[in-house]
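One structure is given below, encoded as structure tokens.
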Amino acid sequence: MDQVDFLNGKTRLFGIVGDPIEQVRSPEMITWEMQQRGMNAVLVPLHVRDCDFDEVMPQLLRVHNLDGLVFTIPFKAKALSFAQALGPQARQVGAINALARHPQGHWIGEIFDGLGCVEAFRQRGLALRDKRVQLIGLGGAGAAIAAAVAAEHPALLQLFDLNDERSEQVAKRVRSISPATQVVVAAPNVQDVDVLMNASPVGMLSDARLPLDVTDLPASMVVFDAIVKPEQTPLLQLAEACGCTVVRGREMMRGQIARMVDYFNRQA
């Protein structure tokens with residue numbers, strides 16, 4: 001046999017766009033989910049440099065057998081301008097990580113990061129309600145996580161991002177979602193915190209840095225890192241050494257996959 005059985009001329013294409021792209025796990029995980037559902041479809045990695053994004057995207061969306069795109073760092077906010085309609089999460093967050101072609105030809109955007117994060121905690125039996133949460137990084141993924149965590153009604157949500165304006169925007173959104181939650185915008189710390197979440201890119205690939213200046217963590221803390229590669233980030237390595245419960249980026253991704261493939265399949 002001189003051919004594979006999962007790719008042919010009728011295969012529908014999906015891609016994940018990022019800069020860098022080598023850290024992503026979506027190609028294998030989403031393609032597997034699509035194949036399990038009997039879809040004649042694959043998702044491939046697309047390395048588009050940040051400086052080329054605005055020029056490449058309009059041409060990419062003209063590929064006739066391209067049915068959807070997933071966006072990772074640093075494009076979740078920039079991709080918003082290419083959506084002609086938005087789902088409810090995207091309207092709330094102001095960013096997307098999925099763009100699907102509607103049968104009538106227009107493109108619809110939605111974001112699944114926050115839903116995936118909360119689902120990862122739920123699958124582990126870890127409550128967020130009434131907890132004190134520190135969230136670092138409020139880009140596309142972080143903003144979505146903040147909104148989804150707010151909907152779980154934590155007692156406290158401490159927010160930090162290098163962009164002060166973005167921090168205040170996310171804080172305002174969190175207050176509107178959960179008025180009873182105490183919202184603080186400040187430098188990250190782990191004092192009197194139950195859950196530490198990293199949604200920044202610090203620690204990705206070969207980056208050995210921690211997203212905050214600490215040498216140890218309370219063993220009672222739950223530590224989550226949205227980074228998928230490496231699976232054992234510097235933050236999670238420290239957390240495990242300190243006896244913390246850890247939730248990995250791969251677990252968040254599993255929470256997103258089924259919802260995202262549902263979304264792509266529904267538009268087809």
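A note on labels: chains of the structure tokens are A, B, ... as shown, every chain counts residues from 1, and ligands are counted from 1 in their shown order.
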List as JSON, numbers by chain the protein and nucleic acid residues near Ala208 in chain A, meaning an atom at most 12 Å away when only C-alpha atoms are counted, but skip any in the same chain fewer than 2 places from it. {"A": [201, 202, 203, 204, 205, 206, 210, 211, 230, 232, 233, 234, 235, 236, 237, 238]}
Name the residues of range 16-201 of chain A that come out as strand (DSSP E or B) in a backbone DSSP run; write them as a PyMOL selection string. chain A and resi 16-18+41-47+66-71+85-86+98-101+107-110+132-136+156-160+182-185+195-198
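Of the residues listed (A:Asn97, A:Val185, A:Glu28, A:Leu128), A:Val185 shows the shortest atom-to-atom separation from Glu165 in chain A; distances use only C-alpha atoms.
Contact shell of Gly18 in chain A at 7 Å (only C-alpha atoms; same-chain neighbours under 2 positions omitted): Ile16, Pro20, Ile21, Leu46, His47, Val48, Phe71, Thr72, Ile73, Pro74 and Phe75 of chain A.
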Write the residues of the preceding selection, restricted to N, CA and C atoms, as a compact mmCIF listing (two decimals), in the first residue's frame.
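Saved as again-v9.txt:
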```
# COMPACT_ATOMS: atom_id res chain seq x y z
N ILE A 16 -3.61 25.62 13.06
CA ILE A 16 -3.36 26.42 14.26
C ILE A 16 -2.25 27.40 13.93
N PRO A 20 5.84 31.54 18.46
CA PRO A 20 6.26 30.32 17.76
C PRO A 20 5.10 29.32 17.67
N ILE A 21 5.40 28.16 17.06
CA ILE A 21 4.35 27.16 16.86
C ILE A 21 4.77 25.78 17.35
N LEU A 46 0.67 26.07 11.63
CA LEU A 46 1.01 27.13 10.67
C LEU A 46 1.82 28.20 11.40
N HIS A 47 3.10 28.29 11.08
CA HIS A 47 3.95 29.29 11.73
C HIS A 47 3.90 30.57 10.91
N VAL A 48 3.14 31.54 11.42
CA VAL A 48 3.03 32.85 10.79
C VAL A 48 3.70 33.86 11.72
N PHE A 71 -6.05 29.75 17.13
CA PHE A 71 -5.01 30.76 17.33
C PHE A 71 -4.36 30.59 18.69
N THR A 72 -3.04 30.69 18.70
CA THR A 72 -2.28 30.65 19.93
C THR A 72 -1.43 31.91 20.00
N ILE A 73 -0.52 31.97 20.97
CA ILE A 73 0.33 33.14 21.18
C ILE A 73 0.98 33.58 19.87
N PRO A 74 0.94 34.86 19.50
CA PRO A 74 0.38 36.02 20.22
C PRO A 74 -0.87 36.58 19.54
N PHE A 75 -1.70 35.72 18.93
CA PHE A 75 -2.70 36.19 17.97
C PHE A 75 -4.15 36.19 18.44
```
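A straight line drawn from CA of Ala199 in chain A to CA of Ala155 in chain A is 19.8 Å long.
If only C-alpha atoms are the atoms counted, then among A:Gly140, A:Pro103, A:Gly116, A:Gly15 the closest residue to Ile257 in chain A is A:Gly116.
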What's the 7 Å shell around Leu66 in chain A, counting only C-alpha atoms, without same-chain residues fewer than 6 positions away, as JSON, numbers by chain? {"A": [12, 13, 14]}
Next, write the just-selected residues to a file, as a CSV table (one decimal), in the first residue's frame, keeping C-alpha atoms as the atom set.
```
chain,number,residue,atom,x,y,z
A,12,ARG,CA,-11.2,19.5,5.0
A,13,LEU,CA,-8.3,21.5,6.4
A,14,PHE,CA,-7.9,23.2,9.8
```
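Closest approach to Glu119 in chain A from the set A:Ala148, A:Ala100, A:Val133, A:Leu156 is made by A:Ala148, with distances taken over only C-alpha atoms.
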